[in-house]
file structure-v5.cif (mmCIF, C-alpha atoms)
data_work
#
loop_
_atom_site.label_atom_id
_atom_site.label_comp_id
_atom_site.auth_asym_id
_atom_site.auth_seq_id
_atom_site.Cartn_x
_atom_site.Cartn_y
_atom_site.Cartn_z
CA MET A 1 -8.65 -24.87 -17.49
CA ALA A 2 -6.23 -26.17 -14.89
CA LYS A 3 -7.66 -27.19 -11.55
CA ALA A 4 -7.65 -24.33 -9.05
CA ALA A 5 -5.00 -24.57 -6.36
CA LYS A 6 -6.09 -25.59 -2.86
CA ILE A 7 -6.56 -22.61 -0.58
CA ASN A 8 -6.54 -22.32 3.22
CA PHE A 9 -8.40 -19.02 3.62
CA ASN A 10 -12.06 -18.19 3.11
CA LYS A 11 -13.73 -15.99 0.53
CA GLU A 12 -14.10 -13.04 2.89
CA THR A 13 -10.38 -12.99 3.63
CA TYR A 14 -9.38 -13.10 -0.03
CA LEU A 15 -11.80 -10.35 -0.97
CA LYS A 16 -10.58 -8.22 1.94
CA TRP A 17 -6.96 -8.72 0.83
CA TYR A 18 -7.89 -7.83 -2.73
CA GLU A 19 -9.72 -4.66 -1.72
CA ILE A 20 -6.87 -3.47 0.50
CA MET A 21 -4.27 -4.08 -2.19
CA LEU A 22 -6.39 -2.54 -4.92
CA LEU A 23 -7.06 0.57 -2.85
CA VAL A 24 -3.37 1.03 -2.07
CA ARG A 25 -2.36 0.41 -5.69
CA ARG A 26 -4.88 2.81 -7.23
CA PHE A 27 -4.25 5.43 -4.55
CA GLU A 28 -0.50 5.30 -5.15
CA GLU A 29 -0.93 5.44 -8.92
CA LYS A 30 -3.09 8.54 -8.50
CA SER A 31 -0.51 10.03 -6.13
CA ALA A 32 2.18 9.55 -8.77
CA GLN A 33 0.01 11.32 -11.32
CA LEU A 34 -0.68 14.23 -8.97
CA TYR A 35 3.00 14.50 -8.06
CA GLY A 36 3.78 14.85 -11.76
CA GLN A 37 1.26 17.69 -11.88
CA GLN A 38 2.98 19.30 -8.86
CA LYS A 39 -0.18 19.02 -6.79
CA ILE A 40 1.82 16.94 -4.29
CA LYS A 41 5.24 18.29 -3.38
CA GLY A 42 8.22 17.32 -1.28
CA PHE A 43 9.31 13.71 -0.85
CA CYS A 44 6.94 10.97 -1.93
CA HIS A 45 7.67 7.24 -1.61
CA LEU A 46 5.19 4.85 -3.24
CA TYR A 47 4.21 1.38 -2.05
CA ILE A 48 3.38 -0.11 -5.44
CA GLY A 49 4.31 -3.81 -5.48
CA GLN A 50 4.50 -4.24 -1.71
CA GLU A 51 0.77 -4.31 -0.99
CA ALA A 52 0.57 -7.96 0.08
CA ILE A 53 2.49 -7.12 3.25
CA VAL A 54 -0.06 -4.70 4.69
CA ALA A 55 -2.96 -6.85 3.48
CA GLY A 56 -1.60 -9.95 5.22
CA MET A 57 -0.79 -7.87 8.29
CA ILE A 58 -4.39 -6.74 8.71
CA SER A 59 -5.83 -10.25 8.75
CA ALA A 60 -3.18 -11.47 11.21
CA THR A 61 -3.46 -8.71 13.84
CA THR A 62 -6.15 -6.86 15.79
CA LYS A 63 -7.29 -3.26 15.77
CA ASP A 64 -5.95 -2.86 19.31
CA ASP A 65 -2.40 -3.63 18.24
CA LYS A 66 -0.03 -0.76 17.50
CA PHE A 67 1.76 -0.09 14.21
CA ILE A 68 4.78 1.99 13.30
CA THR A 69 6.81 2.26 10.11
CA ALA A 70 9.25 4.36 8.11
CA TYR A 71 8.44 6.96 5.47
CA ARG A 72 6.96 4.65 2.78
CA ASP A 73 3.76 4.78 4.78
CA HIS A 74 0.71 5.53 2.62
CA GLY A 75 -0.11 1.83 2.27
CA HIS A 76 0.06 1.16 5.99
CA ALA A 77 -2.25 4.09 6.77
CA LEU A 78 -4.82 3.05 4.18
CA ALA A 79 -4.74 -0.62 5.19
CA LEU A 80 -5.30 0.31 8.83
CA GLY A 81 -8.44 2.23 7.90
CA VAL A 82 -7.26 5.82 7.68
CA SER A 83 -9.58 7.29 5.07
CA SER A 84 -8.43 8.02 1.54
CA ASN A 85 -9.60 11.59 2.12
CA ALA A 86 -7.36 12.03 5.16
CA VAL A 87 -4.31 10.48 3.47
CA MET A 88 -4.70 12.44 0.24
CA ALA A 89 -5.31 15.69 2.11
CA GLU A 90 -2.11 15.05 4.06
CA LEU A 91 -0.22 14.61 0.81
CA TYR A 92 -1.60 17.98 -0.25
CA GLY A 93 -0.54 19.53 3.06
CA LYS A 94 -4.12 20.41 3.94
CA ALA A 95 -5.62 20.92 7.39
CA THR A 96 -8.01 17.98 6.88
CA GLY A 97 -5.11 15.56 6.50
CA CYS A 98 -4.44 12.81 9.04
CA THR A 99 -1.57 14.87 10.47
CA SER A 100 -3.37 18.19 9.94
CA GLY A 101 -1.24 18.92 6.88
CA LYS A 102 1.97 19.13 8.92
CA GLY A 103 3.49 15.73 8.19
CA GLY A 104 3.04 15.20 4.48
CA SER A 105 3.88 11.97 2.71
CA MET A 106 6.53 10.78 5.15
CA HIS A 107 4.75 11.38 8.46
CA MET A 108 1.25 9.88 8.38
CA PHE A 109 -0.28 9.32 11.82
CA SER A 110 -3.61 8.29 13.28
CA LYS A 111 -4.20 7.74 16.98
CA GLU A 112 -7.70 6.48 16.18
CA HIS A 113 -6.26 3.63 14.10
CA ASN A 114 -3.26 2.96 16.36
CA PHE A 115 -0.97 4.03 13.55
CA LEU A 116 1.95 5.72 15.28
CA GLY A 117 3.81 6.96 12.20
CA GLY A 118 5.38 7.39 9.43
CA HIS A 119 8.96 8.33 10.43
CA GLY A 120 11.49 10.10 8.24
CA ILE A 121 14.67 9.24 10.17
CA VAL A 122 16.09 6.01 8.76
CA GLY A 123 15.79 3.38 11.50
CA GLY A 124 14.44 5.89 14.00
CA GLN A 125 11.20 3.97 14.38
CA ILE A 126 12.91 0.73 15.48
CA PRO A 127 13.60 1.68 19.13
CA LEU A 128 10.23 3.47 19.18
CA GLY A 129 8.57 0.19 18.22
CA ALA A 130 10.31 -1.54 21.11
CA GLY A 131 9.20 1.25 23.44
CA ILE A 132 5.58 0.96 22.33
CA ALA A 133 5.73 -2.78 23.00
CA PHE A 134 7.23 -2.08 26.43
CA ALA A 135 4.28 0.19 27.20
CA GLU A 136 1.79 -2.56 26.27
CA LYS A 137 3.60 -5.06 28.49
CA TYR A 138 3.83 -2.54 31.34
CA LEU A 139 0.09 -1.88 31.11
CA GLY A 140 -0.65 -5.60 31.15
CA THR A 141 -2.46 -5.75 27.81
CA THR A 142 -2.31 -8.57 25.27
CA ASN A 143 -1.59 -6.09 22.49
CA LEU A 144 1.60 -6.00 20.47
CA CYS A 145 3.50 -3.59 18.26
CA VAL A 146 4.28 -4.28 14.60
CA CYS A 147 7.40 -2.30 13.71
CA PHE A 148 8.30 -1.99 10.02
CA MET A 149 11.64 -1.00 8.53
CA GLY A 150 13.37 -1.12 5.15
CA ASP A 151 16.42 -3.16 4.25
CA GLY A 152 18.59 -0.05 4.52
CA ALA A 153 17.47 0.63 8.09
CA VAL A 154 18.89 -2.65 9.39
CA ARG A 155 22.36 -1.07 9.06
CA GLN A 156 21.53 1.38 11.84
CA GLY A 157 23.03 0.79 15.28
CA ALA A 158 19.70 1.52 16.95
CA LEU A 159 18.39 -1.77 15.59
CA HIS A 160 20.90 -3.76 17.63
CA GLU A 161 20.14 -1.86 20.82
CA ALA A 162 16.40 -2.34 20.30
CA PHE A 163 16.78 -6.05 19.47
CA ASN A 164 18.87 -6.64 22.59
CA MET A 165 16.40 -4.93 24.91
CA ALA A 166 13.37 -6.51 23.23
CA MET A 167 14.77 -9.99 23.81
CA LEU A 168 16.02 -9.19 27.31
CA TRP A 169 12.58 -7.99 28.37
CA LYS A 170 10.56 -10.33 26.12
CA LEU A 171 8.69 -7.42 24.57
CA PRO A 172 5.58 -8.10 22.45
CA VAL A 173 6.95 -6.67 19.21
CA ILE A 174 7.17 -7.99 15.66
CA PHE A 175 10.06 -6.41 13.80
CA ILE A 176 9.43 -6.56 10.05
CA CYS A 177 12.05 -5.75 7.45
CA GLU A 178 10.30 -5.00 4.15
CA ASN A 179 13.22 -6.08 2.00
CA ASN A 180 12.60 -4.68 -1.48
CA ASP A 181 16.26 -5.29 -2.43
CA TYR A 182 17.31 -1.64 -2.61
CA ALA A 183 18.11 0.97 0.02
CA MET A 184 17.40 4.00 -2.14
CA GLY A 185 19.43 2.90 -5.18
CA THR A 186 21.92 0.66 -3.42
CA SER A 187 21.35 -3.10 -3.62
CA VAL A 188 21.63 -5.25 -0.52
CA GLU A 189 24.63 -7.02 -2.07
CA ARG A 190 26.62 -3.79 -2.02
CA THR A 191 26.08 -3.06 1.67
CA THR A 192 26.57 -6.35 3.49
CA ASN A 193 27.80 -9.91 3.22
CA VAL A 194 24.73 -11.05 5.20
CA LEU A 195 22.34 -11.28 2.26
CA ASP A 196 19.68 -13.14 4.26
CA ILE A 197 18.75 -10.25 6.52
CA TYR A 198 16.67 -12.35 8.91
CA LYS A 199 19.88 -13.96 10.16
CA ILE A 200 20.71 -10.74 12.02
CA GLY A 201 18.18 -11.79 14.67
CA SER A 202 20.18 -14.94 15.47
CA ALA A 203 22.77 -12.84 17.33
CA TYR A 204 20.08 -12.20 19.94
CA GLU A 205 18.50 -15.66 19.74
CA MET A 206 15.39 -13.92 18.42
CA PRO A 207 13.04 -16.14 16.39
CA SER A 208 13.75 -14.92 12.86
CA PHE A 209 12.35 -15.99 9.52
CA GLN A 210 12.40 -15.11 5.83
CA VAL A 211 8.95 -14.69 4.28
CA ASP A 212 7.61 -14.47 0.72
CA GLY A 213 6.16 -10.97 0.69
CA MET A 214 4.50 -11.28 -2.71
CA LYS A 215 1.76 -13.50 -1.28
CA CYS A 216 -0.83 -12.44 1.30
CA GLU A 217 -1.06 -16.03 2.49
CA THR A 218 2.57 -16.37 3.52
CA VAL A 219 2.63 -12.90 5.08
CA HIS A 220 -0.50 -13.66 7.13
CA ASP A 221 0.85 -16.99 8.37
CA ALA A 222 4.21 -15.53 9.43
CA ILE A 223 2.75 -12.52 11.23
CA LYS A 224 0.01 -14.60 12.89
CA GLU A 225 2.60 -17.03 14.26
CA ALA A 226 4.72 -14.13 15.53
CA ALA A 227 1.66 -12.45 17.04
CA ASP A 228 0.64 -15.61 18.89
CA ARG A 229 4.17 -15.88 20.28
CA ALA A 230 4.12 -12.26 21.48
CA ARG A 231 0.70 -12.53 23.10
CA LYS A 232 1.80 -15.60 25.06
CA GLY A 233 4.64 -13.58 26.54
CA ASP A 234 7.38 -15.27 24.53
CA GLY A 235 8.78 -12.01 23.18
CA PRO A 236 9.71 -10.58 19.80
CA THR A 237 10.07 -12.00 16.31
CA PHE A 238 12.09 -10.67 13.38
CA LEU A 239 10.61 -11.23 9.91
CA GLU A 240 12.47 -10.44 6.72
CA ILE A 241 9.62 -10.14 4.24
CA LYS A 242 10.96 -10.31 0.70
CA THR A 243 9.07 -7.92 -1.54
CA TYR A 244 9.64 -5.62 -4.53
CA ARG A 245 8.74 -2.04 -5.37
CA TYR A 246 7.82 -1.45 -9.00
CA ARG A 247 8.68 2.25 -8.87
CA GLY A 248 11.89 4.00 -7.82
CA HIS A 249 12.82 4.71 -4.22
CA SER A 250 10.92 7.98 -4.42
CA MET A 251 9.23 10.01 -7.13
CA SER A 252 12.58 11.63 -7.97
CA ASP A 253 14.21 8.24 -8.65
CA PRO A 254 14.03 6.88 -12.23
CA ALA A 255 15.35 3.49 -11.00
CA THR A 256 17.80 3.12 -13.87
CA TYR A 257 19.96 0.85 -11.70
CA ARG A 258 17.55 -2.06 -12.27
CA SER A 259 17.39 -4.20 -15.40
CA LYS A 260 14.20 -4.56 -17.41
CA ASP A 261 14.42 -8.32 -16.98
CA GLU A 262 14.49 -7.96 -13.19
CA VAL A 263 11.41 -5.76 -13.13
CA ALA A 264 9.61 -7.99 -15.65
CA HIS A 265 10.27 -11.05 -13.48
CA TYR A 266 8.75 -9.44 -10.41
CA LYS A 267 5.77 -8.24 -12.42
CA THR A 268 4.86 -11.90 -12.92
CA LEU A 269 4.63 -12.15 -9.11
CA ASP A 270 2.38 -9.10 -8.70
CA PRO A 271 0.34 -9.87 -5.55
CA LEU A 272 -2.65 -7.94 -6.82
CA GLU A 273 -2.88 -10.04 -9.98
CA THR A 274 -2.14 -13.38 -8.33
CA THR A 275 -4.77 -12.76 -5.66
CA LYS A 276 -7.29 -11.77 -8.32
CA ASN A 277 -6.54 -14.98 -10.21
CA THR A 278 -7.00 -17.05 -7.05
CA ILE A 279 -10.38 -15.43 -6.42
CA LEU A 280 -11.55 -16.08 -9.98
CA GLU A 281 -10.17 -19.62 -10.23
CA ASN A 282 -11.87 -20.60 -6.97
CA LYS A 283 -15.13 -18.88 -7.96
CA MET A 284 -15.15 -16.58 -4.94
CA ALA A 285 -16.29 -13.73 -7.17
CA THR A 286 -17.00 -13.12 -10.82
CA GLU A 287 -15.08 -10.80 -13.11
CA ALA A 288 -18.07 -8.46 -13.02
CA GLU A 289 -18.05 -8.38 -9.22
CA LEU A 290 -14.34 -7.57 -9.17
CA ASP A 291 -14.92 -4.87 -11.77
CA ALA A 292 -17.54 -3.38 -9.44
CA ILE A 293 -14.99 -3.33 -6.59
CA GLU A 294 -12.50 -1.61 -8.90
CA ALA A 295 -15.07 1.02 -9.90
CA ARG A 296 -15.98 1.70 -6.26
CA ILE A 297 -12.35 2.10 -5.26
CA MET A 298 -11.61 4.40 -8.18
CA ASP A 299 -14.59 6.53 -7.13
CA GLU A 300 -13.14 6.65 -3.61
CA VAL A 301 -9.70 7.66 -4.83
CA ASN A 302 -11.06 10.31 -7.18
CA ALA A 303 -13.28 11.66 -4.40
CA SER A 304 -10.22 11.94 -2.15
CA VAL A 305 -8.54 14.17 -4.73
CA GLU A 306 -11.57 16.44 -4.85
CA PHE A 307 -11.67 16.49 -1.04
CA ALA A 308 -8.00 17.45 -0.86
CA GLU A 309 -8.33 20.10 -3.56
CA ASN A 310 -11.21 21.75 -1.72
CA SER A 311 -9.71 21.55 1.77
CA PRO A 312 -8.02 24.55 3.41
CA TYR A 313 -4.37 24.82 4.31
CA PRO A 314 -3.56 24.88 8.05
CA ASP A 315 -3.95 28.29 9.63
CA ALA A 316 -0.73 29.97 10.76
CA SER A 317 -2.04 29.92 14.33
CA GLU A 318 -1.67 26.11 14.26
CA LEU A 319 2.09 26.27 13.79
CA TYR A 320 2.97 25.05 17.29
CA THR A 321 -0.13 22.94 17.96
CA ASN A 322 0.79 19.26 18.53
CA VAL A 323 4.47 20.14 18.39
CA TYR A 324 5.27 21.42 21.89
CA ASP A 325 3.23 20.49 24.94
CA GLY A 326 1.86 23.45 26.88
CA GLU A 327 3.15 21.84 30.08
CA TYR A 328 6.64 23.08 29.21
CA PRO A 329 6.54 26.84 29.90
CA TYR A 330 10.27 27.26 29.28
CA ILE A 331 9.70 26.91 25.54
CA MET A 332 9.61 30.46 24.24
CA ASP A 333 7.00 31.82 21.85
#
call {"tool": "encode", "arguments": {"input": "structure-v5.cif", "output": "structure tokens"}}
result
Amino acid sequence: MAKAAKINFNKETYLKWYEIMLLVRRFEEKSAQLYGQQKIKGFCHLYIGQEAIVAGMISATTKDDKFITAYRDHGHALALGVSSNAVMAELYGKATGCTSGKGGSMHMFSKEHNFLGGHGIVGGQIPLGAGIAFAEKYLGTTNLCVCFMGDGAVRQGALHEAFNMAMLWKLPVIFICENNDYAMGTSVERTTNVLDIYKIGSAYEMPSFQVDGMKCETVHDAIKEAADRARKGDGPTFLEIKTYRYRGHSMSDPATYRSKDEVAHYKTLDPLETTKNTILENKMATEAELDAIEARIMDEVNASVEFAENSPYPDASELYTNVYDGEYPYIMD
């Protein structure tokens, strides 16, 4: 057997990464199955293949930081500690979901976990991320905001406005483009001549870097460096994290625009498998111990389905709860 590669992270970190990625992967696989059975309806965007990003994010940030993303958000919610029960129930549209059954797949939210959405408007979360960071700076905290977007969202004008203000005011925000090569079914090459998306930040003299998003190690290092910069008061960072989704844009997308060779290549880079191999090669855990983790996670995912199945739908009386604030009496019944 070849000598195991040198590693710079401890056993606990690798096992935490593996558990996060495995939970997200198995949860998303189960979600796909349930969608096929029409138990989950509406739009549904899976995170399969991109799990190393949220795993590396968790180890590089604190629980007091704030997080916001677009509509491919199940993985972010789970990684941040929102329970499988609450996420699955939300997919079912049940009252026990993390958004009380009102948000569904695209609008996960948890104040308890500082997860501020899940947003369905393409690019709409980018200025919100800057605003959240402004609030942290205004309040004098050392917290930051991690603001995720897809490669399609960087075409939105709101990004440029947010980048300009974030640099002008040195806001503690990390802008992360999860570049999975396709905005819906349109490749990056067909939408811009700036193929290295991180270069967009140079127009604002924002520290900007391209990151291998198929490895937890590289994601952690990049986000940790950006977080340290933000906490020191040096302002924002833009990270283009190169990743790959193994499924289509959404459950309605067969992804026929990609070649089998392309998908096969990225399967060899699967972060779940490479992390597992690193753990085994460096004797951080045995195959039996990893099997036990897998069994526990599958039990959790299956239990979340049962929880969602047995949960009630929101009562009609809840229609306007959390939508309009009672302080605005001019809003009619």
call {"tool": "closest_atom_pairs", "arguments": {"input": "structure-v5.cif", "of": "stretch 39-117 of chain A", "to": "stretch 253-266 of chain A", "cutoff": "12 Å", "atoms": "only C-alpha atoms", "output": "CSV"}}
result
residue,atom,partner,partner_atom,distance
A:Phe43,CA,A:Asp253,CA,10.7
A:Cys44,CA,A:Asp253,CA,10.3
A:His45,CA,A:Asp253,CA,9.7
A:Leu46,CA,A:Asp253,CA,11.1
A:Ile48,CA,A:Tyr266,CA,11.9
A:Gly49,CA,A:Tyr266,CA,8.7
A:Gln50,CA,A:Tyr266,CA,11.0
call {"tool": "write_last_selection", "arguments": {"input": "structure-v5.cif", "atoms": "C-alpha atoms", "output": "PDB file, in the frame of the given file"}}
result
ATOM      1  CA  PHE A  43       9.310  13.710  -0.850  1.00  0.00           C
ATOM      2  CA  CYS A  44       6.940  10.970  -1.930  1.00  0.00           C
ATOM      3  CA  HIS A  45       7.670   7.240  -1.610  1.00  0.00           C
ATOM      4  CA  LEU A  46       5.190   4.850  -3.240  1.00  0.00           C
ATOM      5  CA  ILE A  48       3.380  -0.110  -5.440  1.00  0.00           C
ATOM      6  CA  GLY A  49       4.310  -3.810  -5.480  1.00  0.00           C
ATOM      7  CA  GLN A  50       4.500  -4.240  -1.710  1.00  0.00           C
TER       8      GLN A  50
END
call {"tool": "residues_around", "arguments": {"input": "structure-v5.cif", "residues": "A:Gly140", "least_positions_apart": "5", "cutoff": "12 Å", "atoms": "only C-alpha atoms", "output": "number ranges by chain"}}
result
A: 133-135, 171-172, 231-233
call {"tool": "write_last_selection", "arguments": {"input": "structure-v5.cif", "atoms": "C-alpha atoms", "output": "CSV table (one decimal), in the frame of the given file"}}
result
chain,number,residue,atom,x,y,z
A,133,ALA,CA,5.7,-2.8,23.0
A,134,PHE,CA,7.2,-2.1,26.4
A,135,ALA,CA,4.3,0.2,27.2
A,171,LEU,CA,8.7,-7.4,24.6
A,172,PRO,CA,5.6,-8.1,22.4
A,231,ARG,CA,0.7,-12.5,23.1
A,232,LYS,CA,1.8,-15.6,25.1
A,233,GLY,CA,4.6,-13.6,26.5
call {"tool": "residues_around", "arguments": {"input": "structure-v5.cif", "residues": "A:Ile58", "least_positions_apart": "3", "cutoff": "8 Å", "atoms": "only C-alpha atoms", "output": "list in words"}}
result
Val54, Ala55, Thr61, Thr62, Ala79 and Leu80 of chain A
call {"tool": "resolve_selection", "arguments": {"input": "structure-v5.cif", "expression": "the PyMOL selection byres ((chain A and resi 103) around 10)", "output": "PDB file with C-alpha atoms, keeping the file's coordinate frame"}}
result
ATOM      1  CA  GLU A  90      -2.110  15.050   4.060  1.00  0.00           C
ATOM      2  CA  LEU A  91      -0.220  14.610   0.810  1.00  0.00           C
ATOM      3  CA  GLY A  93      -0.540  19.530   3.060  1.00  0.00           C
ATOM      4  CA  LYS A  94      -4.120  20.410   3.940  1.00  0.00           C
ATOM      5  CA  GLY A  97      -5.110  15.560   6.500  1.00  0.00           C
ATOM      6  CA  CYS A  98      -4.440  12.810   9.040  1.00  0.00           C
ATOM      7  CA  THR A  99      -1.570  14.870  10.470  1.00  0.00           C
ATOM      8  CA  SER A 100      -3.370  18.190   9.940  1.00  0.00           C
ATOM      9  CA  GLY A 101      -1.240  18.920   6.880  1.00  0.00           C
ATOM     10  CA  LYS A 102       1.970  19.130   8.920  1.00  0.00           C
ATOM     11  CA  GLY A 104       3.040  15.200   4.480  1.00  0.00           C
ATOM     12  CA  SER A 105       3.880  11.970   2.710  1.00  0.00           C
ATOM     13  CA  MET A 106       6.530  10.780   5.150  1.00  0.00           C
ATOM     14  CA  HIS A 107       4.750  11.380   8.460  1.00  0.00           C
ATOM     15  CA  MET A 108       1.250   9.880   8.380  1.00  0.00           C
ATOM     16  CA  PHE A 109      -0.280   9.320  11.820  1.00  0.00           C
ATOM     17  CA  GLY A 117       3.810   6.960  12.200  1.00  0.00           C
ATOM     18  CA  GLY A 118       5.380   7.390   9.430  1.00  0.00           C
ATOM     19  CA  HIS A 119       8.960   8.330  10.430  1.00  0.00           C
ATOM     20  CA  GLY A 120      11.490  10.100   8.240  1.00  0.00           C
TER      21      GLY A 120
END
call {"tool": "closest_residue", "arguments": {"input": "structure-v5.cif", "among": "A:Arg190, A:His160, A:Lys170, A:His113", "to": "A:Pro127", "atoms": "only C-alpha atoms"}}
result
A:His160
call {"tool": "axis_aligned_box", "arguments": {"input": "structure-v5.cif", "around": "stretch 264-272 of chain A", "padding_each_side": "8 Å", "output": "AutoDock Vina command-line options"}}
result
--center_x 3.8 --center_y -10.0 --center_z -10.6 --size_x 28.9 --size_y 20.2 --size_z 26.1
call {"tool": "resolve_selection", "arguments": {"input": "structure-v5.cif", "expression": "the PyMOL selection byres ((chain A and resi 236) around 7)", "output": "number ranges by chain"}}
result
A: 166-167, 170-174, 206, 230, 235, 237-238
call {"tool": "resolve_selection", "arguments": {"input": "structure-v5.cif", "expression": "the PyMOL selection byres ((chain A and resi 199) around 12)", "output": "list in words"}}
result
Val154, Cys177, Asn193, Val194, Leu195, Asp196, Ile197, Tyr198, Ile200, Gly201, Ser202, Ala203, Tyr204, Glu205, Met206, Pro207, Ser208, Phe209, Gln210, Thr237, Phe238, Leu239 and Glu240 of chain A
call {"tool": "atom_distance", "arguments": {"input": "structure-v5.cif", "atom1": "atom CA of A:Val305", "atom2": "atom CA of A:Glu29"}}
result
12.3 Å
